[in-house]
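K.L.:
The structure's right below; bear with me while I get my questions together.
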Amino acid sequence: MIAEHARRSPGATALLFKGNSVSYSELFRTVDNTASGLLALGVKAGERVATYLPKQPENVYGIFGTASAGASFVPVNPLLKPKQVAYILADCNVCVLITSGQRLKLLQSILGDCPNLHTVVIVEDSLPTLEEAPKQTLISWPDFLRSTPTNTQTTPHSRIDTDMAAILYTSGSTGSPKGVVLSHRNMVAGANSVASYLENTAQDRLLAVLPLSFDAGLSQLTTAFSVGASVVL
């Protein structure tokens, strides 16, 4: 849905964040670079990539870049504590985490509980100074976006609409949080349905009030992108 509007209206605003705007062409380019970065890290089809960030453009790039690469994204509620984050990362075998340096410092004590996690992407220009060197590879955002896949991974993994696109975790009010699987078809159908009954158009601006880790929060993005509207983060 992003690629379509990047072709039709490349200069149209896709994201608004703290006084800055991102056009659909810029969004498409960064999502594509994110997908390439994940492929360069060796992420395979269906593997899990988590984002642990507040509502900011890098969270959006991580979510849609993961889907574009043919992997499955896991948006983690930014309000969760380290032990809760560790549970989710281990429960669905996350292999790459996209987060900030400050949040990585909070998570440092639990990274050993996530056996499949091999890389942490830091959404800043430089890596944080940590008390202990983690076992995981750390990579800064600029270096990540410049990463180039090997010759055997120059294109995203092939996928069909019934493939798993995302795992969204429940709040855990009745026990441990449970992962809810969404396919690419689920996401597109849901976005089209909401945009239809709200009668959204490309001229609309949607305010993203809810965390992107919730189904309704994620829908704030997919609904807007389905019609070429703007999202205020």
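Each chain of the structure tokens is named A, B, ... in the order shown, its residues numbered from 1; ligands are numbered from 1 in display order.
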Let's see if you can do this: from backbone DSSP, list all strand (DSSP E or B) residues in stretch 29-212 of chain A, as a ChimeraX atom specification.
P.N.:
/A:48-52,72-75,94-99,119-122,137-140,164-169,179-183,205-207
K.L.:
Near A:Arg103, within 12 Å and counting only C-alpha atoms, which residues show up once chain neighbours fewer than 5 positions away are dropped, as an MDAnalysis selection string?
P.N.:
chainID A and resid 51:54 78:82 85 97:98 108:111 120:124 127:128 130
K.L.:
In Å, how far is it from atom CA of A:Ile2 to atom CA of A:Leu198?
P.N.:
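Calculated distance between atom CA of A:Ile2 and atom CA of A:Leu198 is 19.6 Å.
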K.L.:
Among stretch 187-228 of chain A, which ones does DSSP place in alpha helix (DSSP H), written as number ranges by chain?
P.N.:
A: 187-198, 215-227
K.L.:
Selected residues, N, CA and C atoms, written as a short mmCIF file (atom, residue, chain, number, x, y, z; two decimals), in the first residue's frame, please.
P.N.:
data_model
loop_
_atom_site.label_atom_id
_atom_site.label_comp_id
_atom_site.auth_asym_id
_atom_site.auth_seq_id
_atom_site.Cartn_x
_atom_site.Cartn_y
_atom_site.Cartn_z
N MET A 187 -4.26 -7.81 7.48
CA MET A 187 -3.92 -6.39 7.61
C MET A 187 -4.55 -5.55 6.52
N VAL A 188 -4.46 -6.02 5.28
CA VAL A 188 -5.01 -5.25 4.16
C VAL A 188 -6.53 -5.19 4.24
N ALA A 189 -7.16 -6.32 4.54
CA ALA A 189 -8.63 -6.35 4.63
C ALA A 189 -9.11 -5.45 5.76
N GLY A 190 -8.43 -5.49 6.89
CA GLY A 190 -8.81 -4.64 8.01
C GLY A 190 -8.67 -3.17 7.69
N ALA A 191 -7.57 -2.80 7.03
CA ALA A 191 -7.34 -1.41 6.66
C ALA A 191 -8.41 -0.91 5.69
N ASN A 192 -8.71 -1.72 4.68
CA ASN A 192 -9.72 -1.32 3.70
C ASN A 192 -11.10 -1.20 4.33
N SER A 193 -11.41 -2.10 5.27
CA SER A 193 -12.71 -2.06 5.94
C SER A 193 -12.87 -0.80 6.77
N VAL A 194 -11.85 -0.48 7.58
CA VAL A 194 -11.93 0.71 8.44
C VAL A 194 -11.98 1.98 7.60
N ALA A 195 -11.13 2.06 6.57
CA ALA A 195 -11.12 3.24 5.71
C ALA A 195 -12.45 3.43 5.01
N SER A 196 -13.11 2.31 4.68
CA SER A 196 -14.39 2.39 3.98
C SER A 196 -15.49 2.95 4.89
N TYR A 197 -15.61 2.39 6.11
CA TYR A 197 -16.73 2.86 6.94
C TYR A 197 -16.47 4.22 7.56
N LEU A 198 -15.19 4.63 7.65
CA LEU A 198 -14.88 5.99 8.10
C LEU A 198 -14.85 6.99 6.94
N ASP A 215 -3.83 -3.77 18.16
CA ASP A 215 -4.39 -3.95 16.82
C ASP A 215 -5.02 -2.66 16.32
N ALA A 216 -5.75 -1.95 17.20
CA ALA A 216 -6.34 -0.68 16.78
C ALA A 216 -5.27 0.38 16.55
N GLY A 217 -4.17 0.29 17.30
CA GLY A 217 -3.07 1.23 17.10
C GLY A 217 -2.37 1.02 15.77
N LEU A 218 -2.13 -0.24 15.43
CA LEU A 218 -1.53 -0.55 14.13
C LEU A 218 -2.46 -0.13 13.00
N SER A 219 -3.77 -0.28 13.24
CA SER A 219 -4.76 0.10 12.23
C SER A 219 -4.71 1.58 11.90
N GLN A 220 -4.24 2.40 12.84
CA GLN A 220 -4.10 3.83 12.57
C GLN A 220 -3.17 4.06 11.37
N LEU A 221 -2.13 3.23 11.28
CA LEU A 221 -1.19 3.34 10.17
C LEU A 221 -1.75 2.72 8.90
N THR A 222 -2.19 1.47 9.01
CA THR A 222 -2.62 0.76 7.80
C THR A 222 -3.84 1.42 7.16
N THR A 223 -4.74 1.95 7.98
CA THR A 223 -5.92 2.63 7.43
C THR A 223 -5.52 3.86 6.64
N ALA A 224 -4.62 4.66 7.22
CA ALA A 224 -4.16 5.86 6.52
C ALA A 224 -3.42 5.51 5.24
N PHE A 225 -2.51 4.54 5.33
CA PHE A 225 -1.71 4.19 4.16
C PHE A 225 -2.54 3.55 3.05
N SER A 226 -3.66 2.94 3.41
CA SER A 226 -4.50 2.30 2.39
C SER A 226 -5.13 3.32 1.45
N VAL A 227 -5.32 4.56 1.93
CA VAL A 227 -5.95 5.59 1.08
C VAL A 227 -4.99 6.73 0.75
#
K.L.:
Measuring between only C-alpha atoms, which one of A:Ala229, A:Leu182, A:Ala69, A:Met164 shows the shortest distance to A:Ala40?
P.N.:
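Closest candidate: A:Ala69.
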K.L.:
Any idea what's packed within 10 Å of A:Pro177, counting only C-alpha atoms, ignoring anything in its chain fewer than 4 positions away? Could you give it as a short mmCIF file (atom, residue, chain, number, x, y, z; two decimals) with C-alpha atoms, in the first residue's frame?
P.N.:
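Once written, result_39.cif looks like this:
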data_model
loop_
_atom_site.label_atom_id
_atom_site.label_comp_id
_atom_site.auth_asym_id
_atom_site.auth_seq_id
_atom_site.Cartn_x
_atom_site.Cartn_y
_atom_site.Cartn_z
CA GLN A 84 7.75 -8.27 30.27
CA TYR A 87 9.00 -12.69 27.90
CA ILE A 88 7.72 -11.54 24.51
CA ASP A 91 8.16 -16.43 23.54
CA LEU A 168 0.58 -8.65 18.33
CA TYR A 169 0.64 -9.45 22.04
CA THR A 170 -2.34 -9.06 24.35
CA SER A 171 -2.05 -7.04 27.56
CA GLY A 172 -1.82 -10.17 29.69
CA SER A 173 -4.67 -9.19 32.00
#
K.L.:
Please determine, counting only C-alpha atoms, which residue among A:Arg146, A:Arg48, A:His184, A:Lys18 has the shortest atom-to-atom distance to A:Ala165.
P.N.:
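When distances to A:Ala165 are compared using only C-alpha atoms, the smallest one comes from A:His184.
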K.L.:
For A:Leu206, please output as an NGL selection string all residues within 7 Å (counting only C-alpha atoms; exclusion window: fewer than 2 positions along the same chain).
P.N.:
:A and (204 or 208 or 220 or 224 or 230-232)
K.L.:
For the residues in the current selection, export C-alpha atoms as a PDB file, in the first residue's frame.
P.N.:
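Output file selection-v8.pdb is given in full below:
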ATOM      1  CA  ASP A 204      -7.349  13.176   5.760  1.00  0.00           C
ATOM      2  CA  ALA A 208      -2.252   8.004  16.128  1.00  0.00           C
ATOM      3  CA  GLN A 220      -4.098   3.833  12.566  1.00  0.00           C
ATOM      4  CA  ALA A 224      -4.157   5.864   6.522  1.00  0.00           C
ATOM      5  CA  SER A 230      -1.303  11.274   6.605  1.00  0.00           C
ATOM      6  CA  VAL A 231      -0.655   9.958  10.121  1.00  0.00           C
ATOM      7  CA  VAL A 232       0.291  12.238  13.011  1.00  0.00           C
TER       8      VAL A 232
END
K.L.:
What does the distance from atom CA of A:Thr148 to atom CA of A:Leu41 come to in Å, to one decimal?
P.N.:
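Separation between atom CA of A:Thr148 and atom CA of A:Leu41: 9.0 Å.
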K.L.:
Under the rule that only C-alpha atoms are counted, which of A:Leu39, A:Ala3, A:Leu89, A:Leu233 is the nearest residue to A:Phe17?
P.N.:
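Nearest candidate to A:Phe17 out of A:Leu39, A:Ala3, A:Leu89, A:Leu233: A:Leu233.
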